[in-house]
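Q: See query_35.txt below, with compact mmCIF, C-alpha atoms.
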```txt
# COMPACT_ATOMS: atom_id res chain seq x y z
CA ALA A 1 0.79 -17.76 3.12
CA GLN A 2 -0.47 -14.56 1.61
CA LYS A 3 0.60 -13.72 -1.89
CA VAL A 4 -0.51 -11.43 -4.67
CA THR A 5 0.74 -11.90 -8.21
CA GLN A 6 0.58 -9.31 -10.94
CA ALA A 7 2.16 -11.03 -13.89
CA GLN A 8 2.13 -7.99 -16.15
CA THR A 9 5.13 -5.84 -15.35
CA GLU A 10 4.39 -3.15 -17.88
CA ILE A 11 1.64 -2.51 -20.40
CA SER A 12 1.56 0.08 -23.14
CA VAL A 13 -1.62 1.07 -24.92
CA VAL A 14 -2.77 3.86 -27.14
CA GLU A 15 -5.33 6.27 -25.78
CA LYS A 16 -8.94 5.07 -26.01
CA GLU A 17 -7.95 1.44 -25.95
CA ASP A 18 -9.34 -0.82 -23.24
CA VAL A 19 -6.83 -2.46 -20.94
CA THR A 20 -7.11 -5.17 -18.30
CA LEU A 21 -4.71 -5.53 -15.42
CA ASP A 22 -4.51 -9.00 -13.97
CA CYS A 23 -4.29 -9.94 -10.32
CA VAL A 24 -4.15 -13.39 -8.78
CA TYR A 25 -3.99 -13.96 -5.06
CA GLU A 26 -3.35 -16.70 -2.54
CA THR A 27 -4.62 -16.79 1.00
CA ARG A 28 -5.79 -19.27 3.59
CA ASP A 29 -7.94 -16.70 5.34
CA THR A 30 -11.66 -17.18 4.92
CA THR A 31 -12.29 -13.49 5.32
CA TYR A 32 -10.12 -11.08 3.44
CA TYR A 33 -10.23 -7.90 1.43
CA LEU A 34 -8.86 -7.14 -2.00
CA PHE A 35 -7.80 -3.71 -3.15
CA TRP A 36 -6.54 -1.82 -6.15
CA TYR A 37 -4.39 1.26 -5.77
CA LYS A 38 -2.99 3.66 -8.30
CA GLN A 39 0.46 5.10 -7.69
CA PRO A 40 1.36 8.11 -9.82
CA PRO A 41 4.97 9.36 -10.00
CA SER A 42 4.44 11.38 -6.83
CA GLY A 43 4.30 8.09 -4.97
CA GLU A 44 1.09 8.61 -3.06
CA LEU A 45 -1.23 5.63 -3.18
CA VAL A 46 -4.64 6.45 -4.59
CA PHE A 47 -7.37 4.11 -3.40
CA LEU A 48 -9.52 2.72 -6.21
CA ILE A 49 -11.58 -0.11 -4.79
CA ARG A 50 -12.01 -2.50 -1.91
CA ARG A 51 -13.79 -5.84 -2.14
CA ASN A 52 -14.43 -8.28 0.66
CA SER A 53 -14.19 -12.00 0.13
CA PHE A 54 -17.92 -12.54 0.42
CA ASP A 55 -18.88 -10.09 -2.26
CA GLU A 56 -18.18 -11.43 -5.72
CA GLN A 57 -20.29 -8.93 -7.54
CA ASN A 58 -18.47 -7.14 -10.26
CA GLU A 59 -18.27 -3.40 -9.94
CA ILE A 60 -18.19 -0.56 -12.38
CA SER A 61 -17.18 2.98 -11.59
CA GLY A 62 -17.05 5.22 -14.60
CA ARG A 63 -14.38 3.88 -16.93
CA TYR A 64 -13.16 1.44 -14.29
CA SER A 65 -14.50 -2.03 -13.70
CA TRP A 66 -13.43 -4.94 -11.57
CA ASN A 67 -13.99 -8.65 -11.98
CA PHE A 68 -13.67 -10.70 -8.81
CA GLN A 69 -13.70 -14.47 -9.27
CA LYS A 70 -13.13 -16.49 -6.17
CA SER A 71 -13.02 -19.74 -8.11
CA THR A 72 -9.85 -18.62 -9.85
CA SER A 73 -8.59 -16.36 -7.05
CA SER A 74 -8.49 -13.44 -9.41
CA PHE A 75 -9.41 -9.80 -9.10
CA ASN A 76 -8.86 -8.15 -12.45
CA PHE A 77 -9.15 -4.47 -13.23
CA THR A 78 -10.27 -3.06 -16.57
CA ILE A 79 -9.95 0.50 -17.75
CA THR A 80 -12.23 1.31 -20.64
CA ALA A 81 -11.27 3.98 -23.15
CA SER A 82 -7.94 4.63 -21.47
CA GLN A 83 -6.60 8.14 -21.14
CA VAL A 84 -3.10 9.54 -20.76
CA VAL A 85 -3.92 10.46 -17.16
CA ASP A 86 -4.37 6.78 -16.42
CA SER A 87 -0.62 6.29 -16.81
CA ALA A 88 0.70 5.11 -13.46
CA VAL A 89 1.70 2.01 -11.55
CA TYR A 90 -1.24 -0.01 -10.34
CA PHE A 91 -1.05 -2.28 -7.34
CA CYS A 92 -3.36 -5.07 -6.37
CA ALA A 93 -3.32 -5.86 -2.66
CA LEU A 94 -4.71 -8.37 -0.21
CA ARG A 95 -5.55 -7.64 3.41
CA GLY A 96 -6.23 -10.65 5.56
CA ASN A 97 -6.16 -11.39 9.22
CA PHE A 98 -4.08 -9.05 11.36
CA ASN A 99 -4.90 -6.24 8.92
CA LYS A 100 -1.61 -6.48 7.07
CA PHE A 101 -1.48 -5.53 3.42
CA TYR A 102 0.26 -7.74 0.90
CA PHE A 103 0.93 -6.00 -2.36
CA GLY A 104 1.54 -7.40 -5.78
CA SER A 105 4.60 -6.30 -7.67
CA GLY A 106 2.63 -3.70 -9.58
CA THR A 107 1.82 -3.11 -13.22
CA LYS A 108 3.10 -0.02 -14.92
CA LEU A 109 0.56 1.29 -17.38
CA ASN A 110 1.69 3.60 -20.16
CA VAL A 111 -1.09 5.25 -22.11
CA LYS A 112 0.22 6.98 -25.20
CA PRO A 113 -1.66 9.78 -26.94
CA GLY B 1 -12.53 11.86 4.94
CA ALA B 2 -9.84 10.10 6.87
CA VAL B 3 -6.44 11.65 6.34
CA VAL B 4 -3.01 10.38 7.21
CA SER B 5 -0.05 12.70 6.98
CA GLN B 6 3.66 12.01 6.94
CA HIS B 7 6.47 14.34 7.76
CA PRO B 8 8.78 15.05 6.15
CA SER B 9 7.69 14.28 2.61
CA TRP B 10 11.30 13.94 1.59
CA VAL B 11 14.61 14.01 3.40
CA ILE B 12 18.26 13.79 2.49
CA CYS B 13 20.71 12.77 5.16
CA LYS B 14 24.33 11.78 5.39
CA SER B 15 25.46 8.25 5.94
CA GLY B 16 25.70 7.43 9.62
CA THR B 17 23.09 9.88 10.80
CA SER B 18 19.60 9.08 12.03
CA VAL B 19 16.37 10.36 10.61
CA LYS B 20 12.87 10.34 12.09
CA ILE B 21 9.70 10.05 10.04
CA GLU B 22 6.32 10.89 11.51
CA CYS B 23 2.97 9.37 10.62
CA ARG B 24 -0.16 11.09 11.90
CA SER B 25 -3.83 10.27 11.65
CA LEU B 26 -5.43 13.68 11.41
CA ASP B 27 -9.10 13.04 12.02
CA PHE B 28 -9.34 9.63 13.59
CA GLN B 29 -7.65 7.54 16.22
CA ALA B 30 -5.37 4.71 15.26
CA THR B 31 -4.27 2.15 17.80
CA THR B 32 -2.48 0.34 15.03
CA MET B 33 -0.29 1.75 12.31
CA PHE B 34 1.86 0.00 9.77
CA TRP B 35 5.12 0.92 8.10
CA TYR B 36 5.96 -0.10 4.56
CA ARG B 37 9.05 0.35 2.46
CA GLN B 38 9.21 0.63 -1.29
CA PHE B 39 12.46 0.48 -3.21
CA PRO B 40 12.52 2.08 -6.67
CA LYS B 41 10.36 0.26 -9.16
CA GLN B 42 9.45 -2.37 -6.62
CA SER B 43 6.45 -3.23 -4.55
CA LEU B 44 5.57 -2.13 -1.05
CA MET B 45 6.79 -4.43 1.67
CA LEU B 46 5.50 -4.41 5.20
CA MET B 47 8.24 -3.60 7.69
CA ALA B 48 6.43 -3.54 11.00
CA THR B 49 3.18 -3.15 12.85
CA SER B 50 3.07 -0.31 15.33
CA ASN B 51 0.74 -0.61 18.31
CA GLU B 52 -0.06 2.31 20.56
CA GLY B 53 1.49 1.89 23.96
CA SER B 54 3.35 -1.31 23.19
CA LYS B 55 6.32 -2.58 21.25
CA ALA B 56 6.20 -2.80 17.52
CA THR B 57 6.09 -6.12 15.74
CA TYR B 58 8.66 -6.45 12.98
CA GLU B 59 8.43 -8.59 9.88
CA GLN B 60 11.05 -11.21 9.27
CA GLY B 61 14.29 -9.75 8.03
CA VAL B 62 13.67 -6.22 9.33
CA GLU B 63 16.23 -5.07 11.88
CA LYS B 64 14.36 -3.70 14.85
CA ASP B 65 17.43 -1.96 16.22
CA LYS B 66 17.89 -0.12 12.98
CA PHE B 67 14.28 0.86 12.41
CA LEU B 68 12.98 2.15 15.71
CA ILE B 69 9.24 2.55 15.93
CA ASN B 70 7.42 4.51 18.59
CA HIS B 71 3.65 4.78 18.81
CA ALA B 72 3.21 7.03 21.78
CA SER B 73 -0.27 8.33 21.07
CA LEU B 74 -3.41 7.31 19.24
CA THR B 75 -2.59 9.63 16.38
CA LEU B 76 1.17 9.45 15.99
CA SER B 77 3.70 6.80 15.11
CA THR B 78 7.32 7.52 14.34
CA LEU B 79 9.91 5.54 12.43
CA THR B 80 13.53 6.35 13.13
CA VAL B 81 16.14 5.03 10.75
CA THR B 82 19.29 4.83 12.85
CA SER B 83 22.78 5.06 11.40
CA ALA B 84 21.36 5.34 7.94
CA HIS B 85 23.28 4.00 4.97
CA PRO B 86 22.74 4.47 1.24
CA GLU B 87 20.98 1.12 1.04
CA ASP B 88 18.29 2.51 3.36
CA SER B 89 17.33 5.00 0.69
CA SER B 90 13.75 4.20 -0.08
CA PHE B 91 10.17 5.40 -0.05
CA TYR B 92 8.57 4.84 3.34
CA ILE B 93 4.79 4.73 3.59
CA CYS B 94 2.67 4.37 6.68
CA SER B 95 -0.91 3.32 7.06
CA ALA B 96 -3.22 3.88 9.99
CA ARG B 97 -6.09 1.67 11.03
CA ASP B 98 -9.20 3.48 12.18
CA SER B 99 -9.92 2.21 15.69
CA ASP B 100 -13.57 3.14 15.49
CA ARG B 101 -14.36 1.20 12.36
CA THR B 102 -15.25 -2.45 12.81
CA THR B 103 -14.06 -3.13 9.31
CA GLY B 104 -10.58 -2.08 10.32
CA GLU B 105 -10.39 0.40 7.52
CA GLN B 106 -6.89 1.63 6.85
CA TYR B 107 -5.64 4.75 5.22
CA PHE B 108 -2.23 5.32 3.69
CA GLY B 109 -0.03 8.32 4.16
CA PRO B 110 1.54 10.12 1.21
CA GLY B 111 4.96 8.63 1.84
CA THR B 112 8.41 9.91 2.75
CA ARG B 113 11.27 9.69 0.31
CA LEU B 114 14.56 9.10 2.09
CA THR B 115 17.87 9.57 0.34
CA VAL B 116 21.05 8.72 2.21
CA THR B 117 24.23 10.13 0.72
```
Could you spell out this file's structure in structure tokens?
A:
Amino acid sequence: AQKVTQAQTEISVVEKEDVTLDCVYETRDTTYYLFWYKQPPSGELVFLIRRNSFDEQNEISGRYSWNFQKSTSSFNFTITASQVVDSAVYFCALRGNFNKFYFGSGTKLNVKP
Amino acid sequence: GAVVSQHPSWVICKSGTSVKIECRSLDFQATTMFWYRQFPKQSLMLMATSNEGSKATYEQGVEKDKFLINHASLTLSTLTVTSAHPEDSSFYICSARDSDRTTGEQYFGPGTRLTVT
């Protein structure tokens, strides 16, 4: 079974604080991809990152960084020095065999000025 | 970059009527497209897999007679919500899989917000 769990329903931080969004996944597929998407109020999904199951290297892109740990089936997302524009719902997703996406329940991030 | 469009971006219809939503891959071919549904403040749930030239595959619990999917060309899939009811009000998002990419890269459309009154 494929499953993605985002235990944090909503997080509120003050601007410039660092924040980590947690993601834990379950899959029996040996090859899979993990994703993070940002969904602003408009609804459109904004692609942030894709990681394949064989690449456990952490990645940094500007203020964003991702920590992929296969041993704990986690793919956490950290925003450094958060900004008001980071306020949105963030989804972690798994894509396994058959190319279907399985999304977590999402974490709503509120960044207050 | 790869772009997927959806039309309309939002639609309001009366209960009992049908509404068609289009999903187009603008600069690539997509033999496979997917339809997702997102209720307010909830996650995206896969409804069905749309394959060009063949019948769609529906996820468990999705009524195929209510949500008609047609994938008549390599760049267009349509979702028709038949006899819509207020409980069908939702945000519908499609994704298209690039046929030319071995990685099976997919791109999401901007979504269609359906309100049934």
Q: For each of A:Ser74, A:Tyr102, A:Phe91, A:Thr27, take the minimum atom-to-atom distance to Phe47 of chain A, counting all atoms listed in the file, then give the residue where this is smallest.
A: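 Nearest to Phe47 of chain A: A:Phe91.
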Q: With all atoms listed in the file as the counted atoms, please give the residues lying no more than 7 Å from Asn52 of chain A, apart from itself and same-chain residues fewer than 2 positions off, as JSON, numbers by chain.
A: {"A": [32, 33, 34, 50, 54, 55]}
Q: Env of Leu76 of chain B: 7 Å cut, atoms = only C-alpha atoms, seq-sep filter 6 positions within chain, self excluded. Answer as a PyMOL selection string.
A: chain B and resi 22-25
Q: Which is closest to Gln6 of chain B among B:Val19, B:Leu26, B:Leu68, B:Val116, if we use only C-alpha atoms?
A: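 Comparing B:Val19, B:Leu26, B:Leu68, B:Val116 against Gln6 of chain B, the winner is B:Leu26.
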Q: Select residues of chain B: the criterion is any atom within 8 Å of an atom of chain A, counting all atoms listed in the file; output as a ChimeraX atom specification.
A: /B:34,42-46,104,108-111
Q: Can I get the selection written as a PDB file, keeping the file's coordinate frame, with C-alpha atoms?
A:
```
ATOM      1  CA  PHE B  34       1.860   0.000   9.770  1.00  0.00           C
ATOM      2  CA  GLN B  42       9.450  -2.370  -6.620  1.00  0.00           C
ATOM      3  CA  SER B  43       6.450  -3.230  -4.550  1.00  0.00           C
ATOM      4  CA  LEU B  44       5.570  -2.130  -1.050  1.00  0.00           C
ATOM      5  CA  MET B  45       6.790  -4.430   1.670  1.00  0.00           C
ATOM      6  CA  LEU B  46       5.500  -4.410   5.200  1.00  0.00           C
ATOM      7  CA  GLY B 104     -10.580  -2.080  10.320  1.00  0.00           C
ATOM      8  CA  PHE B 108      -2.230   5.320   3.690  1.00  0.00           C
ATOM      9  CA  GLY B 109      -0.030   8.320   4.160  1.00  0.00           C
ATOM     10  CA  PRO B 110       1.540  10.120   1.210  1.00  0.00           C
ATOM     11  CA  GLY B 111       4.960   8.630   1.840  1.00  0.00           C
TER      12      GLY B 111
END
```
Q: Mind giving me the straight-line distance from atom CA of Ala96 of chain B to atom CA of Leu94 of chain A in Å, one decimal?
A: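 Calculated distance between atom CA of Ala96 of chain B and atom CA of Leu94 of chain A is 16.0 Å.
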Q: Go ahead and compute the interatomic distance for atom CA of Glu105 of chain B and atom CA of Thr31 of chain A, in Å to one decimal.
A: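 Atom CA of Glu105 of chain B sits 14.2 Å away from atom CA of Thr31 of chain A.
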Q: For atom CA of Phe39 of chain B and atom CA of Glu87 of chain B, quote the distance in Å rounded to one decimal.
A: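 Value for the atom CA of Phe39 of chain B-atom CA of Glu87 of chain B distance: 9.5 Å.
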Q: Pick out the residues sitting within 7 Å of segment 11-19 of chain A, and hand them over as a list in words; count all atoms listed in the file, and ignore anything fewer than 6 positions along from it in its own chain.
A: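 In the requested format, the answer is Thr78, Ile79, Thr80, Ala81, Ser82, Gln83, Val84, Lys108, Leu109, Asn110, Val111, Lys112 and Pro113 of chain A.
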Q: Hey, which of A:Ser53, A:Glu10, A:Lys38, A:Thr5 ends up closest to Gly96 of chain A? Count only C-alpha atoms.
A: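 Checking each of A:Ser53, A:Glu10, A:Lys38, A:Thr5 against Gly96 of chain A, counting only C-alpha atoms, the winner is A:Ser53.
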